[in-house]
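Student: CSV, C-alpha atoms, saved as coords.csv, coming up:
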```
chain,number,residue,atom,x,y,z
A,1,MET,CA,49.4,-8.1,-14.3
A,2,PRO,CA,51.8,-11.0,-14.7
A,3,ALA,CA,54.4,-10.9,-17.4
A,4,THR,CA,53.9,-12.8,-20.6
A,5,PRO,CA,55.7,-16.1,-20.8
A,6,GLY,CA,58.5,-14.9,-23.0
A,7,ALA,CA,59.1,-11.6,-21.3
A,8,VAL,CA,61.0,-13.0,-18.3
A,9,PRO,CA,63.3,-16.0,-18.6
A,10,MET,CA,62.0,-18.8,-16.4
A,11,ALA,CA,63.7,-21.8,-14.8
A,12,VAL,CA,61.0,-24.0,-16.2
A,13,SER,CA,59.5,-24.1,-19.7
A,14,LEU,CA,56.6,-25.7,-21.4
A,15,SER,CA,59.0,-28.1,-23.1
A,16,ASP,CA,60.3,-29.2,-19.7
A,17,ILE,CA,56.8,-29.9,-18.6
A,18,GLU,CA,56.0,-31.8,-21.7
A,19,ALA,CA,59.1,-33.9,-21.2
A,20,ALA,CA,58.1,-34.6,-17.6
A,21,ALA,CA,54.7,-35.7,-18.9
A,22,GLY,CA,56.5,-38.3,-21.0
A,23,ARG,CA,58.4,-39.6,-18.0
A,24,LEU,CA,55.3,-39.8,-15.9
A,25,ARG,CA,53.1,-41.5,-18.5
A,26,GLY,CA,51.9,-44.8,-17.1
A,27,GLN,CA,53.6,-44.2,-13.7
A,28,VAL,CA,51.1,-41.7,-12.2
A,29,LEU,CA,47.3,-41.3,-12.8
A,30,ASP,CA,46.0,-38.8,-15.3
A,31,THR,CA,43.4,-37.9,-12.8
A,32,PRO,CA,39.9,-36.7,-13.8
A,33,CYS,CA,39.0,-33.0,-14.0
A,34,VAL,CA,35.2,-32.9,-13.9
A,35,GLU,CA,32.5,-30.4,-13.1
A,36,SER,CA,30.7,-30.2,-9.8
A,37,ARG,CA,27.3,-28.9,-10.6
A,38,THR,CA,26.2,-28.8,-7.0
A,39,LEU,CA,29.2,-26.7,-5.8
A,40,GLY,CA,28.6,-24.5,-8.8
A,41,GLN,CA,25.0,-23.9,-7.8
A,42,ILE,CA,26.0,-23.0,-4.3
A,43,LEU,CA,28.9,-20.7,-5.3
A,44,GLY,CA,27.5,-19.1,-8.4
A,45,CYS,CA,30.2,-20.2,-10.8
A,46,ARG,CA,31.1,-23.4,-12.7
A,47,VAL,CA,33.5,-25.5,-10.7
A,48,PHE,CA,35.8,-28.1,-12.2
A,49,LEU,CA,37.7,-30.4,-9.8
A,50,LYS,CA,41.1,-32.0,-10.5
A,51,PHE,CA,41.1,-35.1,-8.3
A,52,GLU,CA,44.8,-35.4,-7.4
A,53,ASN,CA,43.8,-37.0,-4.1
A,54,LEU,CA,43.2,-40.1,-6.2
A,55,GLN,CA,46.9,-40.6,-6.8
A,56,PHE,CA,48.4,-43.7,-5.3
A,57,THR,CA,50.0,-41.6,-2.5
A,58,ALA,CA,46.8,-39.5,-2.4
A,59,SER,CA,48.7,-36.4,-3.5
A,60,PHE,CA,50.1,-34.5,-6.6
A,61,LYS,CA,53.5,-34.5,-5.0
A,62,GLU,CA,54.6,-37.8,-6.6
A,63,ARG,CA,54.6,-36.1,-10.0
A,64,GLY,CA,57.4,-33.8,-9.2
A,65,ALA,CA,59.2,-36.4,-7.1
A,66,LEU,CA,59.1,-39.0,-9.9
A,67,ASN,CA,60.3,-36.5,-12.5
A,68,LYS,CA,63.3,-35.5,-10.3
A,69,LEU,CA,64.2,-39.2,-9.5
A,70,ALA,CA,63.9,-40.2,-13.1
A,71,GLN,CA,66.2,-37.4,-14.2
A,72,LEU,CA,68.8,-38.5,-11.5
A,73,VAL,CA,68.7,-42.1,-12.8
A,74,GLU,CA,68.9,-40.9,-16.4
A,75,SER,CA,72.0,-38.8,-15.7
A,76,GLY,CA,74.0,-42.0,-15.2
A,77,GLN,CA,75.8,-40.6,-12.2
A,78,PRO,CA,76.4,-42.9,-9.2
A,79,LEU,CA,73.6,-42.6,-6.6
A,80,LYS,CA,74.0,-43.4,-3.0
A,81,GLY,CA,70.4,-42.6,-2.4
A,82,VAL,CA,68.0,-39.7,-2.1
A,83,ILE,CA,66.9,-37.6,0.9
A,84,ALA,CA,64.0,-35.2,1.2
A,85,ALA,CA,62.4,-33.0,3.8
A,86,SER,CA,58.6,-33.0,3.9
A,87,ALA,CA,55.5,-32.6,6.0
A,88,GLY,CA,54.2,-35.7,4.5
A,89,ASN,CA,53.0,-35.7,0.9
A,90,HIS,CA,56.4,-35.1,-0.8
A,91,ALA,CA,57.8,-37.7,1.5
A,92,GLN,CA,55.4,-40.3,0.3
A,93,GLY,CA,56.0,-39.4,-3.3
A,94,VAL,CA,59.8,-39.6,-3.0
A,95,ALA,CA,59.6,-42.8,-0.9
A,96,HIS,CA,57.2,-44.6,-3.2
A,97,HIS,CA,59.0,-43.9,-6.4
A,98,ALA,CA,62.5,-44.4,-4.9
A,99,GLN,CA,61.3,-47.9,-3.8
A,100,ARG,CA,60.0,-48.5,-7.4
A,101,LEU,CA,63.4,-47.4,-8.8
A,102,GLY,CA,65.4,-49.4,-6.2
A,103,LEU,CA,66.9,-46.3,-4.5
A,104,ARG,CA,67.6,-45.7,-0.8
A,105,ALA,CA,65.4,-43.0,0.5
A,106,VAL,CA,65.8,-41.0,3.7
A,107,ILE,CA,62.9,-38.7,4.7
A,108,VAL,CA,63.2,-35.9,7.4
A,109,MET,CA,59.8,-34.9,8.7
A,110,PRO,CA,58.7,-32.3,11.4
A,111,VAL,CA,57.9,-34.0,14.7
A,112,LEU,CA,54.3,-32.9,14.5
A,113,THR,CA,53.6,-34.5,11.1
A,114,PRO,CA,50.3,-36.4,11.2
A,115,THR,CA,50.9,-40.0,12.1
A,116,VAL,CA,49.0,-41.3,9.0
A,117,LYS,CA,51.7,-39.6,6.8
A,118,VAL,CA,54.6,-40.8,8.9
A,119,GLU,CA,53.4,-44.4,8.8
A,120,ARG,CA,52.6,-44.4,5.1
A,121,THR,CA,56.1,-43.0,4.3
A,122,ARG,CA,57.7,-45.8,6.4
A,123,GLY,CA,55.4,-48.2,4.6
A,124,PHE,CA,57.1,-47.3,1.3
A,125,GLY,CA,60.4,-48.5,2.7
A,126,ALA,CA,61.9,-45.1,3.5
A,127,GLU,CA,64.0,-44.3,6.5
A,128,VAL,CA,62.1,-41.7,8.4
A,129,VAL,CA,63.8,-39.1,10.7
A,130,LEU,CA,61.6,-36.9,12.8
A,131,HIS,CA,63.3,-33.6,13.5
A,132,GLY,CA,62.2,-30.0,14.3
A,133,GLU,CA,58.8,-28.5,14.7
A,134,THR,CA,58.6,-26.8,11.3
A,135,PHE,CA,59.4,-27.7,7.7
A,136,ASP,CA,62.3,-25.3,7.6
A,137,ALA,CA,64.0,-27.0,10.6
A,138,ALA,CA,63.4,-30.4,8.9
A,139,ARG,CA,64.9,-29.1,5.7
A,140,GLU,CA,68.1,-27.8,7.3
A,141,HIS,CA,68.6,-31.2,9.0
A,142,ALA,CA,68.0,-33.0,5.7
A,143,LEU,CA,70.6,-30.8,4.0
A,144,GLN,CA,73.1,-31.7,6.8
A,145,LEU,CA,72.4,-35.4,6.4
A,146,ALA,CA,72.7,-35.1,2.6
A,147,ALA,CA,76.2,-33.7,3.0
A,148,GLU,CA,77.3,-36.2,5.6
A,149,GLN,CA,76.0,-39.3,3.7
A,150,GLY,CA,76.4,-38.2,0.1
A,151,LEU,CA,72.7,-38.4,-0.6
A,152,SER,CA,71.0,-36.4,-3.4
A,153,PHE,CA,68.6,-33.9,-2.0
A,154,VAL,CA,65.1,-33.8,-3.6
A,155,HIS,CA,63.6,-30.4,-2.8
A,156,PRO,CA,59.8,-30.4,-2.3
A,157,PHE,CA,59.2,-27.3,-4.4
A,158,ASP,CA,62.3,-25.2,-5.3
A,159,ASP,CA,63.7,-27.4,-8.1
A,160,PRO,CA,63.1,-27.1,-11.8
A,161,ALA,CA,62.5,-30.9,-12.2
A,162,VAL,CA,60.0,-31.0,-9.4
A,163,ILE,CA,58.2,-27.9,-10.7
A,164,ALA,CA,58.0,-29.4,-14.2
A,165,GLY,CA,56.5,-32.6,-12.8
A,166,GLN,CA,53.8,-30.6,-11.0
A,167,GLY,CA,53.2,-28.6,-14.2
A,168,THR,CA,51.8,-31.8,-15.8
A,169,ILE,CA,48.6,-31.1,-13.9
A,170,GLY,CA,48.1,-27.9,-15.9
A,171,LEU,CA,48.6,-29.8,-19.2
A,172,GLU,CA,46.0,-32.3,-18.2
A,173,MET,CA,43.4,-29.8,-16.9
A,174,LEU,CA,43.5,-27.7,-20.0
A,175,ALA,CA,43.4,-30.7,-22.3
A,176,GLU,CA,40.3,-32.0,-20.6
A,177,GLN,CA,38.7,-28.6,-19.8
A,178,PRO,CA,40.0,-26.1,-22.4
A,179,ASP,CA,37.4,-23.5,-21.7
A,180,LEU,CA,38.5,-22.8,-18.1
A,181,ASP,CA,38.6,-19.0,-17.2
A,182,THR,CA,40.4,-19.3,-13.9
A,183,LEU,CA,42.7,-21.6,-12.0
A,184,VAL,CA,42.7,-21.5,-8.2
A,185,VAL,CA,45.7,-23.3,-6.7
A,186,ALA,CA,46.9,-23.9,-3.2
A,187,VAL,CA,50.3,-22.4,-2.4
A,188,GLY,CA,52.9,-23.5,0.2
A,189,GLY,CA,56.4,-23.3,-1.2
A,190,GLY,CA,55.0,-22.6,-4.6
A,191,GLY,CA,56.0,-25.7,-6.6
A,192,LEU,CA,52.5,-26.7,-7.7
A,193,ILE,CA,51.3,-23.2,-8.8
A,194,SER,CA,54.7,-22.5,-10.5
A,195,GLY,CA,54.4,-25.6,-12.6
A,196,ILE,CA,50.7,-25.1,-13.4
A,197,ALA,CA,51.2,-21.4,-14.2
A,198,THR,CA,54.1,-22.1,-16.5
A,199,ALA,CA,52.0,-24.6,-18.5
A,200,ALA,CA,48.8,-22.5,-18.4
A,201,ARG,CA,50.5,-19.3,-19.5
A,202,ALA,CA,52.0,-21.0,-22.5
A,203,ILE,CA,48.8,-22.8,-23.6
A,204,LYS,CA,46.2,-20.2,-22.7
A,205,PRO,CA,47.9,-16.8,-21.9
A,206,GLY,CA,44.7,-15.0,-20.9
A,207,LEU,CA,43.8,-17.5,-18.2
A,208,GLU,CA,43.5,-16.0,-14.7
A,209,ILE,CA,45.7,-17.8,-12.1
A,210,VAL,CA,45.0,-17.2,-8.4
A,211,GLY,CA,47.1,-18.7,-5.6
A,212,VAL,CA,45.7,-19.4,-2.2
A,213,GLN,CA,47.5,-19.5,1.1
A,214,THR,CA,46.3,-20.1,4.7
A,215,ALA,CA,46.4,-16.8,6.6
A,216,ARG,CA,48.5,-18.6,9.2
A,217,PHE,CA,51.3,-19.2,6.7
A,218,PRO,CA,51.3,-16.2,4.3
A,219,ALA,CA,55.0,-16.4,3.2
A,220,MET,CA,54.5,-16.3,-0.5
A,221,VAL,CA,51.9,-13.5,-0.2
A,222,ASN,CA,54.4,-11.5,1.8
A,223,ALA,CA,57.3,-12.2,-0.5
A,224,VAL,CA,55.4,-11.3,-3.7
A,225,LYS,CA,53.1,-8.5,-2.5
A,226,GLY,CA,55.5,-7.0,0.0
A,227,THR,CA,53.1,-7.3,2.8
A,228,ALA,CA,53.9,-8.2,6.4
A,229,HIS,CA,51.2,-10.6,7.5
A,230,PRO,CA,52.2,-12.4,10.7
A,231,GLN,CA,53.0,-16.0,10.6
A,232,GLY,CA,51.3,-18.6,12.9
A,233,THR,CA,52.6,-21.8,14.3
A,234,SER,CA,50.0,-24.3,13.2
A,235,THR,CA,47.3,-24.9,10.6
A,236,ILE,CA,45.0,-27.7,9.5
A,237,ALA,CA,46.5,-27.2,6.1
A,238,GLU,CA,49.9,-28.4,7.2
A,239,GLY,CA,50.8,-29.4,3.6
A,240,ILE,CA,51.1,-25.7,2.7
A,241,ALA,CA,52.6,-24.6,6.1
A,242,VAL,CA,55.8,-23.3,4.6
A,243,GLY,CA,57.6,-20.4,6.4
A,244,ARG,CA,59.8,-19.4,3.5
A,245,PRO,CA,59.0,-19.8,-0.2
A,246,GLY,CA,61.6,-20.9,-2.7
A,247,GLN,CA,63.7,-18.6,-4.8
A,248,ILE,CA,62.7,-20.2,-8.1
A,249,THR,CA,59.1,-20.5,-7.2
A,250,ARG,CA,58.9,-16.9,-5.9
A,251,GLU,CA,60.3,-15.6,-9.3
A,252,ILE,CA,57.8,-17.7,-11.3
A,253,VAL,CA,54.8,-16.8,-9.1
A,254,GLY,CA,55.7,-13.1,-9.2
A,255,ALA,CA,55.9,-13.2,-13.0
A,256,LEU,CA,53.0,-15.5,-14.0
A,257,VAL,CA,50.4,-15.5,-11.2
A,258,ASP,CA,47.7,-12.9,-11.3
A,259,ASP,CA,46.9,-12.7,-7.6
A,260,LEU,CA,47.5,-14.4,-4.2
A,261,VAL,CA,44.7,-14.5,-1.6
A,262,LEU,CA,44.5,-15.7,2.0
A,263,VAL,CA,41.9,-17.9,3.6
A,264,ASP,CA,41.1,-18.6,7.2
A,265,GLU,CA,41.0,-21.9,9.1
A,266,GLY,CA,37.2,-21.9,9.2
A,267,ASP,CA,37.0,-21.5,5.4
A,268,ILE,CA,39.3,-24.5,4.9
A,269,GLU,CA,37.2,-26.6,7.4
A,270,GLN,CA,34.0,-25.7,5.6
A,271,ALA,CA,35.5,-26.6,2.2
A,272,ILE,CA,36.7,-30.0,3.6
A,273,VAL,CA,33.1,-30.8,4.8
A,274,MET,CA,31.5,-29.6,1.5
A,275,LEU,CA,33.8,-31.8,-0.6
A,276,LEU,CA,33.1,-34.8,1.7
A,277,GLU,CA,29.3,-34.2,1.8
A,278,ILE,CA,28.7,-33.1,-1.7
A,279,GLU,CA,31.4,-34.8,-3.8
A,280,LYS,CA,31.9,-37.8,-1.5
A,281,THR,CA,35.7,-37.1,-1.7
A,282,LEU,CA,38.2,-36.8,1.1
A,283,VAL,CA,40.8,-34.0,1.1
A,284,GLU,CA,43.3,-32.7,3.6
A,285,GLY,CA,43.5,-29.0,4.5
A,286,ALA,CA,45.8,-28.0,1.7
A,287,GLY,CA,43.6,-29.9,-0.8
A,288,ALA,CA,40.6,-27.8,0.2
A,289,ALA,CA,42.4,-24.4,0.0
A,290,GLY,CA,41.2,-23.7,-3.5
A,291,LEU,CA,37.6,-24.3,-2.7
A,292,ALA,CA,38.0,-22.3,0.5
A,293,ALA,CA,38.9,-19.2,-1.6
A,294,LEU,CA,35.6,-19.6,-3.5
A,295,VAL,CA,33.7,-20.0,-0.2
A,296,LYS,CA,35.3,-16.9,1.3
A,297,ASP,CA,34.7,-14.7,-1.7
A,298,PRO,CA,32.2,-16.1,-4.2
A,299,LYS,CA,31.5,-12.8,-5.8
A,300,ARG,CA,35.0,-12.6,-7.2
A,301,PHE,CA,34.5,-15.8,-9.2
A,302,ALA,CA,30.8,-15.4,-10.0
A,303,GLY,CA,30.0,-16.6,-13.5
A,304,SER,CA,33.5,-18.0,-14.2
A,305,ARG,CA,34.6,-21.5,-15.2
A,306,VAL,CA,37.0,-22.2,-12.3
A,307,GLY,CA,39.4,-25.1,-12.1
A,308,LEU,CA,40.4,-26.3,-8.6
A,309,VAL,CA,43.1,-28.8,-7.7
A,310,LEU,CA,42.2,-31.2,-4.9
A,311,CYS,CA,45.9,-31.6,-4.3
A,312,GLY,CA,45.9,-34.1,-1.4
A,313,GLY,CA,43.8,-36.4,0.7
A,314,ASN,CA,46.1,-37.4,3.5
A,315,ILE,CA,44.2,-36.1,6.5
A,316,ASP,CA,44.6,-37.3,10.1
A,317,PRO,CA,41.4,-39.2,11.1
A,318,VAL,CA,41.3,-37.4,14.5
A,319,VAL,CA,41.5,-34.0,12.8
A,320,LEU,CA,38.8,-35.1,10.3
A,321,GLN,CA,36.5,-36.1,13.1
A,322,ALA,CA,36.9,-32.7,14.7
A,323,ILE,CA,36.3,-30.9,11.4
A,324,ILE,CA,33.2,-32.8,10.7
A,325,GLY,CA,31.8,-32.1,14.2
A,326,ARG,CA,32.6,-28.4,13.9
A,327,GLY,CA,31.0,-28.3,10.4
A,328,LEU,CA,27.8,-29.8,11.7
A,329,VAL,CA,27.7,-27.2,14.4
A,330,ARG,CA,28.2,-24.4,11.9
A,331,ALA,CA,25.4,-25.8,9.7
A,332,GLY,CA,23.0,-26.0,12.7
A,333,ARG,CA,22.9,-29.8,12.4
A,334,LEU,CA,24.5,-30.3,15.8
A,335,ALA,CA,23.3,-27.9,18.6
A,336,ARG,CA,23.8,-27.5,22.3
A,337,ILE,CA,21.0,-26.1,24.4
A,338,ARG,CA,20.6,-25.3,28.1
A,339,VAL,CA,17.2,-25.9,29.8
A,340,ALA,CA,16.5,-24.6,33.3
A,341,ALA,CA,13.7,-26.3,35.2
A,342,ARG,CA,12.3,-27.1,38.6
A,343,ASP,CA,14.1,-30.2,40.0
A,344,THR,CA,11.1,-32.5,40.3
A,345,PRO,CA,10.6,-36.2,39.5
A,346,GLY,CA,9.9,-36.7,35.8
A,347,VAL,CA,11.2,-33.3,34.7
A,348,LEU,CA,13.9,-34.9,32.5
A,349,ALA,CA,11.3,-37.1,30.8
A,350,LYS,CA,9.2,-34.0,30.1
A,351,ILE,CA,12.2,-32.2,28.5
A,352,THR,CA,13.2,-35.2,26.3
A,353,ALA,CA,9.5,-35.6,25.3
A,354,VAL,CA,9.5,-32.0,24.0
A,355,VAL,CA,12.7,-32.6,22.1
A,356,ALA,CA,11.2,-35.8,20.5
A,357,GLN,CA,8.0,-34.0,19.5
A,358,ALA,CA,10.0,-31.2,17.9
A,359,GLY,CA,11.7,-33.8,15.7
A,360,ALA,CA,15.3,-33.5,17.1
A,361,ASN,CA,17.4,-36.4,18.3
A,362,ILE,CA,19.4,-36.3,21.6
A,363,GLU,CA,23.1,-37.1,21.3
A,364,GLU,CA,24.2,-36.2,24.9
A,365,VAL,CA,22.6,-35.2,28.2
A,366,HIS,CA,24.3,-33.5,31.1
A,367,HIS,CA,22.1,-33.1,34.2
A,368,GLN,CA,23.7,-30.4,36.3
A,369,ARG,CA,22.9,-29.8,40.0
A,370,ALA,CA,26.1,-28.9,41.7
A,371,PHE,CA,27.7,-27.0,38.7
A,372,SER,CA,24.9,-24.5,38.3
A,373,MET,CA,24.1,-20.9,39.3
A,374,LEU,CA,20.4,-21.7,39.6
A,375,SER,CA,18.7,-22.0,43.0
A,376,ALA,CA,19.1,-25.3,44.9
A,377,GLN,CA,15.5,-26.3,43.9
A,378,ASN,CA,16.3,-26.0,40.2
A,379,VAL,CA,18.2,-28.1,37.8
A,380,GLU,CA,20.1,-27.2,34.6
A,381,VAL,CA,20.0,-29.7,31.8
A,382,GLU,CA,22.4,-29.4,28.9
A,383,LEU,CA,21.5,-31.3,25.7
A,384,VAL,CA,23.5,-31.9,22.5
A,385,LEU,CA,21.0,-32.4,19.7
A,386,GLN,CA,21.0,-33.6,16.2
A,387,THR,CA,19.0,-31.2,14.2
A,388,ARG,CA,18.2,-30.4,10.6
A,389,ASN,CA,19.4,-26.8,10.4
A,390,ARG,CA,19.5,-23.6,12.3
A,391,GLU,CA,15.8,-23.0,11.8
A,392,HIS,CA,15.1,-26.4,13.4
A,393,VAL,CA,17.2,-25.4,16.4
A,394,CYS,CA,15.0,-22.3,16.9
A,395,ALA,CA,11.9,-24.4,16.6
A,396,VAL,CA,13.1,-26.8,19.3
A,397,LEU,CA,13.8,-23.8,21.6
A,398,ASP,CA,10.3,-22.3,20.9
A,399,ALA,CA,8.8,-25.7,21.8
A,400,MET,CA,10.7,-25.8,25.0
A,401,ARG,CA,9.5,-22.3,26.0
A,402,SER,CA,5.9,-23.1,25.0
A,403,ALA,CA,6.2,-26.1,27.4
A,404,GLY,CA,7.1,-23.7,30.2
A,405,PHE,CA,10.9,-24.2,30.2
A,406,ASP,CA,13.6,-21.6,30.2
A,407,ALA,CA,15.7,-22.7,27.2
A,408,SER,CA,18.6,-21.2,25.3
A,409,ALA,CA,21.3,-22.2,22.8
A,410,TYR,CA,24.9,-21.7,23.5
```
What is this file in structure tokens?

Tutor:
Amino acid sequence: MPATPGAVPMAVSLSDIEAAAGRLRGQVLDTPCVESRTLGQILGCRVFLKFENLQFTASFKERGALNKLAQLVESGQPLKGVIAASAGNHAQGVAHHAQRLGLRAVIVMPVLTPTVKVERTRGFGAEVVLHGETFDAAREHALQLAAEQGLSFVHPFDDPAVIAGQGTIGLEMLAEQPDLDTLVVAVGGGGLISGIATAARAIKPGLEIVGVQTARFPAMVNAVKGTAHPQGTSTIAEGIAVGRPGQITREIVGALVDDLVLVDEGDIEQAIVMLLEIEKTLVEGAGAAGLAALVKDPKRFAGSRVGLVLCGGNIDPVVLQAIIGRGLVRAGRLARIRVAARDTPGVLAKITAVVAQAGANIEEVHHQRAFSMLSAQNVEVELVLQTRNREHVCAVLDAMRSAGFDASAY
């Protein structure tokens, strides 16, 4: 069980978060937190979504960035500019609000950051430096540039001002939905969950708080639970692909968060498609992590009022296209079948007629003669079909077999 708020001195307090809310008022959206009845019916619990993907930069990150920049300006100390390291969302938050405040902004991003995030960051007037393949490499380079150029480093998560800014999400969620039982929050470096947990523990101490990491980047889980899950090299949830959690955030998470769970890439992909199809809202991988936890283990949350933060919507269109296609395959709405037949005139027309009579639509046809293990008198036809569901795929295969064709899905 986590410690009570007063038992362990924390770097961030409720008053810090309330002060941050004052600085942010009118500068960022107080995004809606509303119930998704359809997701609730599917998952067996009541699901409340906090739409942080509606922020101007499509991410919660601008909350912490603005709170930090505002404090730097309020300090009255001379500022040569600010610098940050980010996989994208923190970059956009810093760049956008630095531009608003008239500050020079330098952003160091990993070289594999999605193009959409790089270009939007440049669009806010920031100087973008691409360096390293990971966030940690980008951060080290940013610290070096900060020392060389006298810039103020704005950490994406391990900074009390940034954490307090993210904590305003917790204030808003509990103000709009005070009866929540559980909060499920994506975890990378831990800034978001640290801020939300600090606010939630102070306002509603009995609330369950669960953090979610992708299984490919389990750094916070390993740090807090003492486990040794291996770390991968890439994930569709690049916004939470952090190899080393912060010292401040690790302390807060260890003290205030009830549990940390891991989700797989397939769970995240499914959650992205569900939100797009059901809620008509677009999220990136990190933004879908909370829902992915419910998809992976619905029994754990059965009957609860669960609050999820859709923390970002900056997804690469190419990645989104692939995820949608894979989601259609998993749902049985896109199927690939192989049909073996005698290579005679009109056989392809007969095959396509059976498909049409079964109510499926043909998306692709591959007529294989040379690349086949069948006899030279036979042909192998590969079809990609648009279908209603898995049962419909089986019905198409049954129709093929009834028409005398050897058909199978693969």

Student: Find the residues around segment 239-249 of chain A up to 6 Å (all atoms listed in the file counted), leave out those fewer than 6 positions away in its own chain, and share them as a PyMOL selection string.

Tutor: chain A and resi 158+188-190+194+217+219-220+286

Student: Save out the residues we just selected, C-alpha atoms, as a PDB file, in the frame of the given file.

Tutor:
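The result, written out as result.pdb:
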```
ATOM      1  CA  ASP A 158      62.300 -25.200  -5.300  1.00  0.00           C
ATOM      2  CA  GLY A 188      52.900 -23.500   0.200  1.00  0.00           C
ATOM      3  CA  GLY A 189      56.400 -23.300  -1.200  1.00  0.00           C
ATOM      4  CA  GLY A 190      55.000 -22.600  -4.600  1.00  0.00           C
ATOM      5  CA  SER A 194      54.700 -22.500 -10.500  1.00  0.00           C
ATOM      6  CA  PHE A 217      51.300 -19.200   6.700  1.00  0.00           C
ATOM      7  CA  ALA A 219      55.000 -16.400   3.200  1.00  0.00           C
ATOM      8  CA  MET A 220      54.500 -16.300  -0.500  1.00  0.00           C
ATOM      9  CA  ALA A 286      45.800 -28.000   1.700  1.00  0.00           C
TER      10      ALA A 286
END
```

Student: Name the closest residue to Leu308 of chain A among the candidates A:Val384, A:Ala341, A:Val212, A:Ile323; distances are taken between atoms, counting all atoms listed in the file.

Tutor: A:Val212

Student: Tell me which of A:Ser402, A:Asn361, A:Thr115, A:Gln377 sits closest to Pro345 of chain A, counting all atoms listed in the file.

Tutor: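 Distance minimum relative to Pro345 of chain A lands on A:Gln377.
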
Student: From the list A:Glu140, A:Asp316, A:Asp343, A:Glu119, which residue is nearest Ala85 of chain A when using all atoms listed in the file?

Tutor: A:Glu140

Student: I'd like the interatomic distance between atom CA of Gly313 of chain A and atom CA of Leu282 of chain A, to a tenth of an Å.

Tutor: 5.6 Å

Student: For atom CA of Arg25 of chain A and atom CA of Ile196 of chain A, determine how far apart the two atoms are, in Å to one decimal place.

Tutor: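 According to the coordinates, atom CA of Arg25 of chain A and atom CA of Ile196 of chain A are separated by 17.3 Å.
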
Student: Excluding segment 38-54 of chain A and residues on its chain fewer than 6 positions from it, collect all residues at most 6 Å away from it, counting only C-alpha atoms, and give them as a list in words.

Tutor: Thr31, Pro32, Phe60, Pro298, Ala302, Gly303, Ser304, Arg305, Val306, Gly307, Leu308, Val309, Leu310, Cys311, Gly312 and Gly313 of chain A
